[in-house]
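Participant: I am attaching a structure below and will ask some questions about it afterwards.
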Amino acid sequence: MLFFTSRRANRYFLLDSLCLYRHKYHAQIRFSAWHGFGQGQVQMNPPVSRNINRLLNHHNRSIISQPAQIINRRNHKPGYYGGAVEALWLRAITGGLASFAKRLYSSCMELVEKLALLAGAAKYDASCASSGSGGRGSRLGASLPAGVCHSWTEDGRCVSLLKVLFSNTCRFDCAYCVNRVSADTRRSSFTVQELVDITCEFYRRNYIEGIFLSSGIFADPDIVMERLIETARTLRTGAGYGGYIHLKIIPGAGEKLIREAGLWADRLSANIELPTEQSLNLLAPQKSGKLILGAMKDAAAAGLENEEDRRRVARTAPRKLASTPVFAPAGQSTQLIVGATGEDDRQIINLSGALYRKYRMRRVYYSAFMPPGGEGGIPDPRLPDIPGPPLVREHRLYQADWLLRFYHFSPGEILEDDPWLDPHLDPKTAWALKHLDRFPVEVNRAGYEELLRVPGLGARSARRIIETRRSRSLGFEGLRRIGVVLKRARYFITASGSFLDRPGDPRRIRRILSDIDGAGLQLPLFEF
């Protein structure tokens with residue numbers, strides 16, 4: 001799909017295709033339209049009028065989405081053409097301005113190529129919990145346009161984001177990055193206005209609910225950060241955009257810029273990339289762990305100050321609270337690459353725990369290392385030679401991270417003896433099998449913290465159990481209705497003293513619950 005902005009008419013056009021005929025009278029054009037277009041008036045010769053009318057009626061019958069009235073000044077007869085057409089377009093067609101149409105087509109194609117290139121370059125950043133959607137043509141179930149990906153909120157909702165880079169030009173030579181300066185990659189950059197127009201038009205069409213905007217380091221960090229902030233500010237103030245904005249913090253940018261970014265964006269993120277300074281020196285020598293952590297610290301401090309300011313306003317002038325800006329209300333996140341260097345899972349989990357404590361991190365994302373450029377990749381002796389991305393390890397790290405965030409586990413509890421997470425058993429079950437002396441738990445008497453430690457029982461289920469047992473005792477059928485996964489929990493709980501299955505031999509339980517055959521890595525759609 002082609003996206004075009006007309007400066008002269010101050011209108012936006014979404015084009016399906018543009019085919020030019022070297023003919024004296026006309027050029028053929030196909031288009032789609034949306035709301036917001038009014039009437040256009042144009043003077044045109046009758047033969048040309050008939051040609052356009054015949055072409056549009058013949059070729060565009062299947063894509064008409066909104067009629068627009070075009071007035072023929074010569075005979076004053078109104079005519080209706082498929083799609084909303086501006087006078088600028090009709091002047092180009094009826095006047096035989098093929099060169100103008102060619103320039104227009106070239107401009108549209110350039111923007112489409114930019115979008116495809118910079119959206120493709122952004123897909124490796126996992127710090128918005130997204131999965132890119134690839135195009136599948138015009139078949140049933142065709143996916144969204146380039147750059148639109150899916151993200152999941154904390155309450156489980158799936159939202160669509162426009163995920164792009166401002167520029168894929170970068171001065172850094174990070175071994176794991178497809179956009180590194182030594183890579184033979186096509187380079188391009190958006191302008192601020194191009195990004196604003198694309199975001200607003202995608203939003204109007206309900207393609208997206210927000211934007212995730214990052215960038216290569218094409219200049220001084222302050223300059224790059226200013227471009228990102230200018231885009232967010234223009235969206236908010238110039239375009240009146242009220243959707244979700246996720247901005248990438250450029251490490252090394254000034255504290256003042258980070259504070260301003262948080263006033264326009266809903267979430268900020270500065271990727272820590274690798275677990276240790278030694279790994280950064282090896283694979284990303286131009287990056288500094290101190291600068292990355294400094295950016296996180298500045299964002300956390302700005303958030304605390306903003307909260308204090310809002311509390312003060314709420315006490316002294318409650319009516320002004322609604323107009324007091326909120327600094328990055330969705331907090332900040334970061335990304336760790338897993339498997340590019342030799343750090344074990346204990347180091348990664350300890351680092352994540354420290355980030356949650358010190359910098360009020362809302363989320364740490366884990367990205368399984370894959371060679372830059374896909375299969376075959378860009379050769380680099382610094383990178384590991386592995387058959388594929390360690391997806392199982394990434395999955396176990398996310399499960400362990402869940403225990404840190406919602407189940408009140410400490411990093412030391414998750415990995416006590418072994419520095420590596422069990423690839424065949426989820427971390428919570430592995431911990432429970434090592435502490436069978438704490439089980440079984442009586443669900444009708446246990447406290448919230450005890451219930452959280454039971455495999456197969458989540459935070460929501462634990463709250464429901466406590467609420468339900470105020471009025472009645474719970475049995476196993478009641479637990480099933482609440483949402484407890486009895487397939488796992490049955491070995492670790494009792495209900496009014498009765499068992500479904502006694503703990504017994506931990507090796508037997510491990511054999512039953514483990515994913516040695518790979519069966520449990522993908523959760524079943526329905527749990528019976």
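By convention in this document, the chains of the structure tokens carry letters A, B, ... by their order, each chain's residues are numbered from 1, and ligands are numbered from 1 in the order they are shown.
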If we count only C-alpha atoms, what is near region 174-178 of chain A at a cut-off of 8 Å, once residues fewer than 5 positions away on the same chain are taken out, given as a list in words?
Facilitator: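 Once the adjacent positions are removed, what remains is Ala121, Ala183, Thr185, Leu283, Ala284, Pro285, Gln286, Ala340, Phe369, Met370, Pro371, Pro372, Gly373, Ile378, Asp380, Arg382 and Leu383 of chain A.
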Participant: With a distance cut-off of 9 Å and only C-alpha atoms, select the neighbouring residues of Thr341 (chain A), excluding the residue or stretch itself and same-chain residues fewer than 4 positions from it, and output the selection as a list in words.
Facilitator: Leu274, Pro275, Ser279, Leu283, Ile337, Leu383 and Pro384 of chain A
Participant: To one decimal in Å, tell me the separation between CA of Ser182 (chain A) and CA of Glu273 (chain A).
Facilitator: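 It comes out at 18.9 Å.
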Participant: Could you tell me how far CA of Ser498 (chain A) lies from CA of Ser473 (chain A), in Å and to one decimal?
Facilitator: 12.4 Å
Participant: Go through A:Arg405, A:Arg511, A:Leu452, A:Asp345 one by one, measure the shortest atom-to-atom distance of each to Leu425 (chain A) using only C-alpha atoms, and give the residue with the smallest value.
Facilitator: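 Closest to Leu425 (chain A) of all the choices is A:Arg511.
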Participant: Between A:Met225, A:Leu513, A:Arg472, A:Asp173, which is the closest to Leu282 (chain A) once you count only C-alpha atoms?
Facilitator: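 When distances to Leu282 (chain A) are compared using only C-alpha atoms, the smallest one comes from A:Asp173.
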Participant: Counting only C-alpha atoms, what is within 10 Å of region 214-221 of chain A, bar same-chain residues fewer than 2 positions away, as number ranges by chain?
Facilitator: A: 118, 121-122, 125, 163-172, 179-181, 189, 211-212, 223-228, 246-254, 269-270
Participant: Cys200 (chain A): which residues within 8 Å, counting only C-alpha atoms, same-chain residues fewer than 4 positions away excluded, as number ranges by chain?
Facilitator: A: 196, 204, 235, 239, 241
Participant: Keeping N, CA and C atoms, export the residues of the selection given above as a PDB file, in the first residue's frame.
Facilitator:
```pdb
ATOM      1  N   VAL A 196       4.994  11.321  11.738  1.00  0.00           N
ATOM      2  CA  VAL A 196       3.742  11.825  12.301  1.00  0.00           C
ATOM      3  C   VAL A 196       2.575  11.481  11.381  1.00  0.00           C
ATOM      4  N   ARG A 204      -5.913   6.252  12.428  1.00  0.00           N
ATOM      5  CA  ARG A 204      -7.279   6.526  11.963  1.00  0.00           C
ATOM      6  C   ARG A 204      -7.914   5.294  11.328  1.00  0.00           C
ATOM      7  N   LEU A 235       3.437  14.726  17.515  1.00  0.00           N
ATOM      8  CA  LEU A 235       2.251  13.871  17.562  1.00  0.00           C
ATOM      9  C   LEU A 235       1.252  14.381  18.594  1.00  0.00           C
ATOM     10  N   ALA A 239      -0.523  17.102  16.025  1.00  0.00           N
ATOM     11  CA  ALA A 239      -1.520  16.223  15.417  1.00  0.00           C
ATOM     12  C   ALA A 239      -2.644  15.861  16.374  1.00  0.00           C
ATOM     13  N   TYR A 241      -2.562  13.664  18.719  1.00  0.00           N
ATOM     14  CA  TYR A 241      -2.557  12.209  18.884  1.00  0.00           C
ATOM     15  C   TYR A 241      -2.570  11.857  20.367  1.00  0.00           C
TER      16      TYR A 241
END
```
Participant: Which one is closest to Val443 (chain A): A:Leu421, A:Met296, A:Ala430, A:Leu474? Count only C-alpha atoms.
Facilitator: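 Under the stated criterion, the closest residue is A:Leu474.
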Participant: Skipping near chain neighbours, those fewer than 3 positions away, what residues fall within 9 Å of region 324-333 of chain A using only C-alpha atoms, listed as a ChimeraX atom specification?
Facilitator: /A:127-128,246,259-271,296,299-300,302-304,306-307,309-310,313,320-321,359-365
Participant: Okay, now the selection with N, CA, C and O atoms, as a compact mmCIF listing (two decimals), in the first residue's frame?
Facilitator:
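What ended up in result.txt:
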```
# COMPACT_ATOMS: atom_id res chain seq x y z
N SER A 127 11.85 -5.14 23.37
CA SER A 127 11.47 -4.45 24.60
C SER A 127 10.09 -3.83 24.56
O SER A 127 9.76 -2.99 25.37
N CYS A 128 9.26 -4.24 23.59
CA CYS A 128 7.84 -3.88 23.66
C CYS A 128 6.98 -5.12 23.56
O CYS A 128 5.80 -5.05 23.26
N HIS A 246 5.84 4.70 22.85
CA HIS A 246 6.99 4.10 23.53
C HIS A 246 8.24 4.66 22.87
O HIS A 246 8.47 4.43 21.68
N ARG A 259 14.01 13.76 30.75
CA ARG A 259 12.84 14.25 31.47
C ARG A 259 11.76 14.73 30.51
O ARG A 259 10.56 14.52 30.74
N GLU A 260 12.18 15.40 29.43
CA GLU A 260 11.19 15.85 28.46
C GLU A 260 10.56 14.67 27.72
O GLU A 260 9.35 14.66 27.47
N ALA A 261 11.36 13.66 27.40
CA ALA A 261 10.83 12.48 26.70
C ALA A 261 9.73 11.82 27.51
O ALA A 261 8.71 11.38 26.97
N GLY A 262 9.92 11.73 28.83
CA GLY A 262 8.93 11.09 29.67
C GLY A 262 7.62 11.84 29.76
O GLY A 262 6.59 11.26 30.12
N LEU A 263 7.62 13.15 29.44
CA LEU A 263 6.38 13.93 29.48
C LEU A 263 5.53 13.71 28.23
O LEU A 263 4.33 13.94 28.26
N TRP A 264 6.16 13.27 27.13
CA TRP A 264 5.41 13.03 25.89
C TRP A 264 5.11 11.55 25.68
O TRP A 264 4.13 11.20 25.02
N ALA A 265 5.96 10.67 26.22
CA ALA A 265 5.83 9.23 25.98
C ALA A 265 5.11 8.54 27.13
O ALA A 265 5.14 9.01 28.27
N ASP A 266 4.48 7.41 26.83
CA ASP A 266 3.85 6.59 27.85
C ASP A 266 4.85 5.65 28.51
O ASP A 266 4.72 5.33 29.69
N ARG A 267 5.83 5.20 27.74
CA ARG A 267 6.85 4.31 28.30
C ARG A 267 8.20 4.66 27.69
O ARG A 267 8.29 5.04 26.52
N LEU A 268 9.26 4.53 28.48
CA LEU A 268 10.62 4.72 28.03
C LEU A 268 11.38 3.41 28.20
O LEU A 268 11.05 2.59 29.06
N SER A 269 12.41 3.21 27.39
CA SER A 269 13.25 2.03 27.56
C SER A 269 14.67 2.33 27.11
O SER A 269 14.88 3.04 26.12
N ALA A 270 15.61 1.82 27.88
CA ALA A 270 17.04 1.88 27.52
C ALA A 270 17.56 0.45 27.60
O ALA A 270 17.58 -0.14 28.67
N ASN A 271 17.96 -0.11 26.49
CA ASN A 271 18.35 -1.52 26.44
C ASN A 271 19.73 -1.73 27.05
O ASN A 271 20.71 -1.13 26.61
N MET A 296 18.91 4.86 32.81
CA MET A 296 17.84 4.25 33.62
C MET A 296 17.66 4.99 34.94
O MET A 296 16.53 5.23 35.38
N ALA A 299 15.84 8.28 34.38
CA ALA A 299 14.41 8.08 34.15
C ALA A 299 13.69 7.74 35.45
O ALA A 299 12.59 8.23 35.71
N ALA A 300 14.32 6.88 36.27
CA ALA A 300 13.69 6.51 37.55
C ALA A 300 13.57 7.71 38.48
O ALA A 300 12.55 7.92 39.14
N ALA A 302 13.46 10.90 37.61
CA ALA A 302 12.44 11.82 37.08
C ALA A 302 11.04 11.33 37.40
O ALA A 302 10.14 12.12 37.72
N GLY A 303 10.84 10.01 37.34
CA GLY A 303 9.53 9.46 37.68
C GLY A 303 9.18 9.68 39.14
O GLY A 303 8.04 10.02 39.48
N LEU A 304 10.16 9.50 40.04
CA LEU A 304 9.91 9.73 41.47
C LEU A 304 9.58 11.18 41.75
O LEU A 304 8.67 11.49 42.53
N ASN A 306 8.30 13.35 39.68
CA ASN A 306 6.98 13.65 39.14
C ASN A 306 5.88 13.14 40.06
O ASN A 306 4.87 13.83 40.27
N GLU A 307 6.06 11.96 40.63
CA GLU A 307 5.06 11.43 41.55
C GLU A 307 4.94 12.32 42.79
O GLU A 307 3.83 12.57 43.29
N ASP A 309 5.64 15.54 42.93
CA ASP A 309 4.98 16.77 42.51
C ASP A 309 3.47 16.59 42.43
O ASP A 309 2.70 17.46 42.85
N ARG A 310 3.03 15.46 41.90
CA ARG A 310 1.60 15.21 41.77
C ARG A 310 0.94 15.03 43.13
O ARG A 310 -0.20 15.45 43.34
N VAL A 313 0.54 18.50 44.53
CA VAL A 313 -0.58 19.19 43.87
C VAL A 313 -1.91 18.64 44.38
O VAL A 313 -2.87 19.39 44.61
N LYS A 320 -6.08 21.13 40.08
CA LYS A 320 -5.01 21.23 39.07
C LYS A 320 -4.35 19.89 38.78
O LYS A 320 -3.48 19.81 37.91
N LEU A 321 -4.77 18.85 39.50
CA LEU A 321 -4.11 17.55 39.34
C LEU A 321 -4.29 17.00 37.92
O LEU A 321 -3.36 16.42 37.34
N TYR A 359 15.96 0.58 39.83
CA TYR A 359 15.52 1.54 38.81
C TYR A 359 14.02 1.47 38.54
O TYR A 359 13.55 1.99 37.54
N ARG A 360 13.28 0.81 39.45
CA ARG A 360 11.82 0.74 39.32
C ARG A 360 11.42 0.26 37.92
O ARG A 360 10.48 0.76 37.31
N MET A 361 12.17 -0.71 37.43
CA MET A 361 11.92 -1.24 36.10
C MET A 361 10.55 -1.92 36.06
O MET A 361 10.20 -2.69 36.96
N ARG A 362 9.78 -1.62 35.02
CA ARG A 362 8.47 -2.25 34.90
C ARG A 362 8.58 -3.64 34.26
O ARG A 362 7.81 -4.53 34.57
N ARG A 363 9.54 -3.80 33.38
CA ARG A 363 9.66 -5.08 32.68
C ARG A 363 11.06 -5.25 32.11
O ARG A 363 11.65 -4.30 31.58
N VAL A 364 11.60 -6.45 32.25
CA VAL A 364 12.84 -6.84 31.58
C VAL A 364 12.48 -7.87 30.52
O VAL A 364 11.84 -8.88 30.82
N TYR A 365 12.88 -7.61 29.28
CA TYR A 365 12.60 -8.53 28.18
C TYR A 365 13.86 -9.31 27.84
O TYR A 365 14.97 -8.77 27.90
```
Participant: I need the residues of region 303-382 of chain A that end up classed as helix (DSSP H, G or I) by DSSP on the backbone, written out as a ChimeraX atom specification.
Facilitator: /A:303-316,318-323,345-358
Participant: Mind checking DSSP for region 277-445 of chain A and telling me the strand (DSSP E) residues as a tab-separated table (two decimals) with N, CA and C atoms, in the first residue's frame?
Facilitator:
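Result file is part_38.tsv:
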```
chain	number	residue	atom	x	y	z
A	332	GLN	N	9.37	2.22	32.73
A	332	GLN	CA	10.45	1.96	31.78
A	332	GLN	C	10.74	0.47	31.72
A	333	SER	N	11.30	0.05	30.59
A	333	SER	CA	11.63	-1.35	30.37
A	333	SER	C	13.03	-1.43	29.77
A	334	THR	N	13.53	-2.66	29.61
A	334	THR	CA	14.83	-2.87	29.01
A	334	THR	C	14.87	-4.25	28.37
A	335	GLN	N	15.94	-4.54	27.65
A	335	GLN	CA	16.09	-5.81	26.94
A	335	GLN	C	17.46	-6.40	27.20
A	336	LEU	N	17.50	-7.73	27.39
A	336	LEU	CA	18.74	-8.48	27.54
A	336	LEU	C	18.83	-9.51	26.42
A	337	ILE	N	19.97	-9.61	25.78
A	337	ILE	CA	20.19	-10.62	24.76
A	337	ILE	C	20.72	-11.87	25.44
A	338	VAL	N	20.07	-13.01	25.18
A	338	VAL	CA	20.39	-14.27	25.84
A	338	VAL	C	21.13	-15.18	24.86
A	363	ARG	N	9.54	-3.80	33.38
A	363	ARG	CA	9.66	-5.08	32.68
A	363	ARG	C	11.06	-5.25	32.11
A	364	VAL	N	11.60	-6.45	32.25
A	364	VAL	CA	12.84	-6.84	31.58
A	364	VAL	C	12.48	-7.87	30.52
A	365	TYR	N	12.88	-7.61	29.28
A	365	TYR	CA	12.60	-8.53	28.18
A	365	TYR	C	13.86	-9.31	27.84
A	366	TYR	N	13.68	-10.57	27.47
A	366	TYR	CA	14.80	-11.44	27.14
A	366	TYR	C	14.68	-11.83	25.67
A	367	SER	N	15.74	-11.62	24.92
A	367	SER	CA	15.74	-11.89	23.49
A	367	SER	C	16.78	-12.95	23.17
A	368	ALA	N	16.32	-14.12	22.73
A	368	ALA	CA	17.25	-15.19	22.36
A	368	ALA	C	18.12	-14.73	21.20
A	441	VAL	N	0.16	-28.10	50.94
A	441	VAL	CA	-0.43	-26.90	51.52
A	441	VAL	C	-1.95	-27.10	51.58
A	442	GLU	N	-2.54	-26.82	52.71
A	442	GLU	CA	-3.99	-26.90	52.86
A	442	GLU	C	-4.62	-25.61	52.35
```
Participant: Give me the residues near Leu479 (chain A) as an mmCIF file with N, CA, C and O atoms, in the first residue's frame, where near means some atom within 10 Å (using only C-alpha atoms) and where sequence neighbours in that chain fewer than 4 positions away do not count.
Facilitator:
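Here's the written file around_1.cif:
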```
data_model
loop_
_atom_site.group_PDB
_atom_site.id
_atom_site.type_symbol
_atom_site.label_atom_id
_atom_site.label_comp_id
_atom_site.auth_asym_id
_atom_site.auth_seq_id
_atom_site.Cartn_x
_atom_site.Cartn_y
_atom_site.Cartn_z
ATOM 1 N N VAL A 443 -5.363 -25.712 51.240
ATOM 2 C CA VAL A 443 -5.852 -24.516 50.558
ATOM 3 C C VAL A 443 -6.897 -23.762 51.371
ATOM 4 O O VAL A 443 -7.116 -22.569 51.140
ATOM 5 N N LEU A 457 -0.766 -22.842 40.576
ATOM 6 C CA LEU A 457 -1.662 -21.905 41.237
ATOM 7 C C LEU A 457 -1.088 -20.501 41.065
ATOM 8 O O LEU A 457 0.009 -20.206 41.544
ATOM 9 N N SER A 461 -5.558 -16.900 41.007
ATOM 10 C CA SER A 461 -6.214 -18.044 41.658
ATOM 11 C C SER A 461 -6.064 -17.974 43.168
ATOM 12 O O SER A 461 -6.998 -18.297 43.916
ATOM 13 N N ARG A 464 -8.558 -15.550 44.502
ATOM 14 C CA ARG A 464 -9.915 -16.098 44.444
ATOM 15 C C ARG A 464 -10.149 -17.129 45.546
ATOM 16 O O ARG A 464 -11.245 -17.210 46.104
ATOM 17 N N ILE A 465 -9.113 -17.923 45.845
ATOM 18 C CA ILE A 465 -9.246 -18.922 46.912
ATOM 19 C C ILE A 465 -9.520 -18.225 48.240
ATOM 20 O O ILE A 465 -10.419 -18.611 49.008
ATOM 21 N N THR A 468 -13.070 -16.809 48.235
ATOM 22 C CA THR A 468 -14.137 -17.817 48.233
ATOM 23 C C THR A 468 -14.255 -18.519 49.582
ATOM 24 O O THR A 468 -15.377 -18.774 50.066
ATOM 25 N N LEU A 474 -13.451 -25.080 50.290
ATOM 26 C CA LEU A 474 -13.200 -25.414 48.895
ATOM 27 C C LEU A 474 -12.812 -26.879 48.760
ATOM 28 O O LEU A 474 -12.005 -27.403 49.538
ATOM 29 N N GLY A 475 -13.356 -27.530 47.740
ATOM 30 C CA GLY A 475 -12.929 -28.866 47.353
ATOM 31 C C GLY A 475 -12.205 -28.801 46.024
ATOM 32 O O GLY A 475 -12.011 -27.728 45.443
ATOM 33 N N GLY A 483 -9.871 -21.924 38.590
ATOM 34 C CA GLY A 483 -8.808 -21.779 37.598
ATOM 35 C C GLY A 483 -7.501 -22.413 37.996
ATOM 36 O O GLY A 483 -6.484 -22.224 37.308
ATOM 37 N N VAL A 484 -7.483 -23.193 39.080
ATOM 38 C CA VAL A 484 -6.258 -23.882 39.506
ATOM 39 C C VAL A 484 -5.947 -25.000 38.515
ATOM 40 O O VAL A 484 -6.838 -25.775 38.133
ATOM 41 N N VAL A 485 -4.676 -25.092 38.087
ATOM 42 C CA VAL A 485 -4.245 -26.148 37.173
ATOM 43 C C VAL A 485 -3.928 -27.386 38.014
ATOM 44 O O VAL A 485 -2.814 -27.550 38.513
ATOM 45 N N LEU A 486 -4.904 -28.252 38.184
ATOM 46 C CA LEU A 486 -4.744 -29.407 39.069
ATOM 47 C C LEU A 486 -3.747 -30.421 38.527
ATOM 48 O O LEU A 486 -3.231 -31.251 39.284
ATOM 49 N N ALA A 495 -7.243 -30.419 50.193
ATOM 50 C CA ALA A 495 -8.478 -29.646 50.347
ATOM 51 C C ALA A 495 -9.286 -30.298 51.459
ATOM 52 O O ALA A 495 -9.785 -31.418 51.294
#
```
Participant: Excluding Leu351 (chain A) and any residue of its chain fewer than 5 positions from it, enumerate the residues within 9 Å of it, using only C-alpha atoms, and give them as a list in words.
Facilitator: Pro275, Thr276, Arg346, Tyr356 and Pro411 of chain A
Participant: Store the residues picked out above, limited to N, CA and C atoms, as a PDB file, in the first residue's frame.
Facilitator:
```
ATOM      1  N   PRO A 275      24.624  -8.863  29.822  1.00  0.00           N
ATOM      2  CA  PRO A 275      24.583  -8.886  31.289  1.00  0.00           C
ATOM      3  C   PRO A 275      25.769  -8.245  31.987  1.00  0.00           C
ATOM      4  N   THR A 276      26.926  -8.158  31.349  1.00  0.00           N
ATOM      5  CA  THR A 276      28.116  -7.648  32.037  1.00  0.00           C
ATOM      6  C   THR A 276      28.842  -6.618  31.182  1.00  0.00           C
ATOM      7  N   ARG A 346      21.962 -17.616  36.348  1.00  0.00           N
ATOM      8  CA  ARG A 346      22.013 -16.969  37.667  1.00  0.00           C
ATOM      9  C   ARG A 346      22.445 -15.512  37.543  1.00  0.00           C
ATOM     10  N   TYR A 356      14.989  -4.313  38.823  1.00  0.00           N
ATOM     11  CA  TYR A 356      13.655  -4.081  39.389  1.00  0.00           C
ATOM     12  C   TYR A 356      13.740  -3.294  40.694  1.00  0.00           C
ATOM     13  N   PRO A 411      15.918 -13.676  43.641  1.00  0.00           N
ATOM     14  CA  PRO A 411      16.795 -14.368  42.689  1.00  0.00           C
ATOM     15  C   PRO A 411      17.514 -15.558  43.310  1.00  0.00           C
TER      16      PRO A 411
END
```
